[in-house]
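J.: Can you read through this structure? Questions will come right after.
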Amino acid sequence: ILTIMAFGKKIRKVATLVGNCHGFVGNRMIAFYTEQAMALITEGALPGQVDKVAYEFGMPMGPFQMMDLVGLDLSWRERKRAGTDDPKNNVADALCEEGRLGQKTGKGFYQYDENRRPVPDDHVSNLIVQVSKNRNVTRRNISDEEILQRLFYPLINEGFKILEEGYAQRPSDIDVVYCYGYGFPRYRGGPMKYADEVGLDHIAESLSKLGFQPSNLLLEAAKKGSLARLWKAKMKAKL
């Protein structure tokens, strides 16, 4: 461990020690971010609105630009192999079937110009509306506040579960992973710090309204008043 942490410094990277769970810390949490982004467009939002909320929050790009950058075909090929792809009910699968794999093909959730700038595409909007119809979903207006909560609160909840399960040693390790590796705005301190500042009671209540079960650690920290205060007490008790 000492060797690999020292190597991280040598190559000028910020290394964080975490346990071995599916997706480790970053990808395990980001899965909820992209999952909610997909649900939001099925229910009534469009990629541009969702991405705008994430960008204004401080992210370098929104979830749909991020998916286009990574390549929509990565997860699509996994679903194809598993036999779970469904272009009639999954927007990303429908785009991939049309050869819209993201930035590398010039088209994904957006069209991209020669400078790789995203341009909204009416064809994608129409496709999204059709998928909603296929799934018998009545589309509705979704507020920016709901989008913000659904993108980040389930992600934060998973961070609490990671701490609870012992895959991260401290909340600040998760914040470091997200600020340095996933573009979380540093002035917000990272997702766990941000949760404390927003208010853990508010996050727990919002998660319940959204249909998520708040983690036991989140509920415990809410009673204590803050995660930082609870974690400090837990570390003191171990001494």
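Labeling convention for the structure tokens: chains A, B, ... as they appear, residues from 1 per chain, ligands from 1 in order of appearance.
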Please extract the residues of range 11-135 of chain A with a backbone DSSP assignment of strand (DSSP E) and present them as an mmCIF file with N, CA, C and O atoms, in the first residue's frame.

T.:
data_model
loop_
_atom_site.group_PDB
_atom_site.id
_atom_site.type_symbol
_atom_site.label_atom_id
_atom_site.label_comp_id
_atom_site.auth_asym_id
_atom_site.auth_seq_id
_atom_site.Cartn_x
_atom_site.Cartn_y
_atom_site.Cartn_z
ATOM 1 N N GLN A 111 -25.813 16.136 -31.364
ATOM 2 C CA GLN A 111 -24.949 16.187 -32.537
ATOM 3 C C GLN A 111 -23.731 17.010 -32.141
ATOM 4 O O GLN A 111 -23.820 17.894 -31.280
ATOM 5 N N TYR A 112 -22.593 16.727 -32.760
ATOM 6 C CA TYR A 112 -21.359 17.452 -32.429
ATOM 7 C C TYR A 112 -20.781 18.089 -33.675
ATOM 8 O O TYR A 112 -20.691 17.454 -34.728
ATOM 9 N N PRO A 118 -21.610 20.303 -28.302
ATOM 10 C CA PRO A 118 -22.895 19.596 -28.398
ATOM 11 C C PRO A 118 -24.009 20.498 -28.917
ATOM 12 O O PRO A 118 -24.133 21.645 -28.503
ATOM 13 N N VAL A 119 -24.799 19.965 -29.817
ATOM 14 C CA VAL A 119 -25.939 20.692 -30.377
ATOM 15 C C VAL A 119 -27.179 19.820 -30.183
ATOM 16 O O VAL A 119 -27.190 18.665 -30.604
#

J.: For Arg116 in chain A, list every protein, DNA or RNA residue within 12 Å, evaluated using only C-alpha atoms, and leave out those in the same chain fewer than 6 positions away; present the list as a ChimeraX atom specification.

T.: /A:65,68-69,102-108,110

J.: Extract, using only C-alpha atoms, all DNA, RNA and protein residues at most 12 Å from Phe212 in chain A, discarding same-chain residues fewer than 2 positions from it, and format them as number ranges by chain.

T.: A: 32, 36, 149-150, 153-158, 203-210, 214-215

J.: Let me see the file: selected residues, N, CA, C and O atoms, as a PDB file, in the first residue's frame.

T.:
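out27.pdb written:
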ATOM      1  N   PHE A  32     -25.726   5.713 -10.067  1.00  0.00           N
ATOM      2  CA  PHE A  32     -27.016   6.274  -9.680  1.00  0.00           C
ATOM      3  C   PHE A  32     -27.266   7.607 -10.385  1.00  0.00           C
ATOM      4  O   PHE A  32     -28.416   7.949 -10.696  1.00  0.00           O
ATOM      5  N   GLN A  36     -30.478   7.903 -12.859  1.00  0.00           N
ATOM      6  CA  GLN A  36     -31.514   8.914 -12.660  1.00  0.00           C
ATOM      7  C   GLN A  36     -31.620   9.850 -13.856  1.00  0.00           C
ATOM      8  O   GLN A  36     -32.716  10.303 -14.210  1.00  0.00           O
ATOM      9  N   GLN A 149     -31.857  17.173  -7.247  1.00  0.00           N
ATOM     10  CA  GLN A 149     -31.959  16.198  -6.169  1.00  0.00           C
ATOM     11  C   GLN A 149     -31.793  14.777  -6.678  1.00  0.00           C
ATOM     12  O   GLN A 149     -31.101  13.957  -6.064  1.00  0.00           O
ATOM     13  N   ARG A 150     -32.403  14.479  -7.808  1.00  0.00           N
ATOM     14  CA  ARG A 150     -32.344  13.098  -8.318  1.00  0.00           C
ATOM     15  C   ARG A 150     -30.972  12.741  -8.880  1.00  0.00           C
ATOM     16  O   ARG A 150     -30.566  11.578  -8.845  1.00  0.00           O
ATOM     17  N   TYR A 153     -28.586  13.282  -4.930  1.00  0.00           N
ATOM     18  CA  TYR A 153     -28.914  12.711  -3.631  1.00  0.00           C
ATOM     19  C   TYR A 153     -28.761  11.187  -3.595  1.00  0.00           C
ATOM     20  O   TYR A 153     -28.217  10.646  -2.625  1.00  0.00           O
ATOM     21  N   PRO A 154     -29.208  10.437  -4.622  1.00  0.00           N
ATOM     22  CA  PRO A 154     -28.948   8.995  -4.604  1.00  0.00           C
ATOM     23  C   PRO A 154     -27.446   8.674  -4.662  1.00  0.00           C
ATOM     24  O   PRO A 154     -26.991   7.706  -4.042  1.00  0.00           O
ATOM     25  N   LEU A 155     -26.685   9.485  -5.398  1.00  0.00           N
ATOM     26  CA  LEU A 155     -25.224   9.331  -5.450  1.00  0.00           C
ATOM     27  C   LEU A 155     -24.635   9.508  -4.047  1.00  0.00           C
ATOM     28  O   LEU A 155     -23.793   8.713  -3.608  1.00  0.00           O
ATOM     29  N   ILE A 156     -25.084  10.537  -3.346  1.00  0.00           N
ATOM     30  CA  ILE A 156     -24.614  10.791  -1.976  1.00  0.00           C
ATOM     31  C   ILE A 156     -25.004   9.641  -1.054  1.00  0.00           C
ATOM     32  O   ILE A 156     -24.196   9.183  -0.233  1.00  0.00           O
ATOM     33  N   ASN A 157     -26.227   9.152  -1.197  1.00  0.00           N
ATOM     34  CA  ASN A 157     -26.699   8.040  -0.362  1.00  0.00           C
ATOM     35  C   ASN A 157     -25.806   6.815  -0.530  1.00  0.00           C
ATOM     36  O   ASN A 157     -25.489   6.119   0.441  1.00  0.00           O
ATOM     37  N   GLU A 158     -25.380   6.569  -1.762  1.00  0.00           N
ATOM     38  CA  GLU A 158     -24.493   5.426  -2.004  1.00  0.00           C
ATOM     39  C   GLU A 158     -23.132   5.660  -1.363  1.00  0.00           C
ATOM     40  O   GLU A 158     -22.486   4.721  -0.903  1.00  0.00           O
ATOM     41  N   ILE A 203     -31.752  15.791   3.045  1.00  0.00           N
ATOM     42  CA  ILE A 203     -31.369  14.775   2.062  1.00  0.00           C
ATOM     43  C   ILE A 203     -32.121  13.469   2.334  1.00  0.00           C
ATOM     44  O   ILE A 203     -32.642  12.843   1.413  1.00  0.00           O
ATOM     45  N   ALA A 204     -32.195  13.069   3.598  1.00  0.00           N
ATOM     46  CA  ALA A 204     -32.897  11.824   3.959  1.00  0.00           C
ATOM     47  C   ALA A 204     -34.381  11.920   3.593  1.00  0.00           C
ATOM     48  O   ALA A 204     -34.957  10.974   3.019  1.00  0.00           O
ATOM     49  N   GLU A 205     -34.992  13.046   3.898  1.00  0.00           N
ATOM     50  CA  GLU A 205     -36.416  13.233   3.588  1.00  0.00           C
ATOM     51  C   GLU A 205     -36.649  13.228   2.077  1.00  0.00           C
ATOM     52  O   GLU A 205     -37.601  12.612   1.581  1.00  0.00           O
ATOM     53  N   SER A 206     -35.773  13.907   1.343  1.00  0.00           N
ATOM     54  CA  SER A 206     -35.906  13.969  -0.120  1.00  0.00           C
ATOM     55  C   SER A 206     -35.725  12.593  -0.747  1.00  0.00           C
ATOM     56  O   SER A 206     -36.463  12.229  -1.671  1.00  0.00           O
ATOM     57  N   LEU A 207     -34.767  11.827  -0.251  1.00  0.00           N
ATOM     58  CA  LEU A 207     -34.548  10.471  -0.766  1.00  0.00           C
ATOM     59  C   LEU A 207     -35.798   9.615  -0.574  1.00  0.00           C
ATOM     60  O   LEU A 207     -36.195   8.870  -1.473  1.00  0.00           O
ATOM     61  N   SER A 208     -36.400   9.709   0.599  1.00  0.00           N
ATOM     62  CA  SER A 208     -37.612   8.927   0.882  1.00  0.00           C
ATOM     63  C   SER A 208     -38.735   9.311  -0.082  1.00  0.00           C
ATOM     64  O   SER A 208     -39.440   8.445  -0.605  1.00  0.00           O
ATOM     65  N   LYS A 209     -38.887  10.613  -0.353  1.00  0.00           N
ATOM     66  CA  LYS A 209     -39.918  11.071  -1.283  1.00  0.00           C
ATOM     67  C   LYS A 209     -39.651  10.570  -2.699  1.00  0.00           C
ATOM     68  O   LYS A 209     -40.582  10.335  -3.471  1.00  0.00           O
ATOM     69  N   LEU A 210     -38.373  10.418  -3.032  1.00  0.00           N
ATOM     70  CA  LEU A 210     -37.996   9.937  -4.369  1.00  0.00           C
ATOM     71  C   LEU A 210     -38.066   8.421  -4.490  1.00  0.00           C
ATOM     72  O   LEU A 210     -37.856   7.874  -5.566  1.00  0.00           O
ATOM     73  N   PRO A 214     -32.981   5.810   2.644  1.00  0.00           N
ATOM     74  CA  PRO A 214     -31.738   6.425   3.134  1.00  0.00           C
ATOM     75  C   PRO A 214     -30.903   5.396   3.890  1.00  0.00           C
ATOM     76  O   PRO A 214     -31.443   4.553   4.610  1.00  0.00           O
ATOM     77  N   SER A 215     -29.592   5.450   3.716  1.00  0.00           N
ATOM     78  CA  SER A 215     -28.715   4.509   4.396  1.00  0.00           C
ATOM     79  C   SER A 215     -28.781   4.706   5.909  1.00  0.00           C
ATOM     80  O   SER A 215     -29.088   5.796   6.389  1.00  0.00           O
TER      81      SER A 215
END

J.: Residues near Leu95 in chain A, anyone? I mean within 10 Å using only C-alpha atoms, not counting same-chain ones fewer than 4 positions away, as an MDAnalysis selection string.

T.: chainID A and resid 72:73 76 87 90:91 99:102 107:109 124 127:128

J.: So how far away is CA of Lys223 in chain A from CA of Lys161 in chain A, in Å?

T.: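 Separating CA of Lys161 in chain A from CA of Lys223 in chain A is a distance of 16.5 Å.
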
J.: As a VMD selection string, please: every residue in range 63-226 of chain A that DSSP puts in alpha helix (DSSP H).

T.: chain A and resid 63 to 70 73 to 82 91 to 97 122 to 134 144 to 164 171 to 181 191 to 198 200 to 210 216 to 224

J.: Point out the residue among A:Phe24, A:Phe160, A:Tyr187, A:Tyr178 with the least atom-to-atom distance to Leu219 in chain A, counting only C-alpha atoms.

T.: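 Closest candidate: A:Phe160.
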
J.: I want to know what sits within 10 Å of range 233-237 of chain A, based on only C-alpha atoms, with residues of the same chain fewer than 5 positions away left out; could you give that as a list in words?

T.: Arg170, Lys224, Leu227 and Ala228 of chain A

J.: To one decimal place, how far is CA of Arg140 in chain A from CA of Gly211 in chain A in Å?

T.: 17.9 Å

J.: CA of Pro63 in chain A and CA of Val131 in chain A, how far apart in Å?

T.: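 Going from CA of Val131 in chain A over to CA of Pro63 in chain A covers 18.9 Å.
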
J.: Given only C-alpha atoms as the basis, pick out the residue of A:Lys52, A:Arg117, A:Arg12, A:His123 nearest to Glu145 in chain A.

T.: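 Of all the options, A:Lys52 lies closest to Glu145 in chain A.
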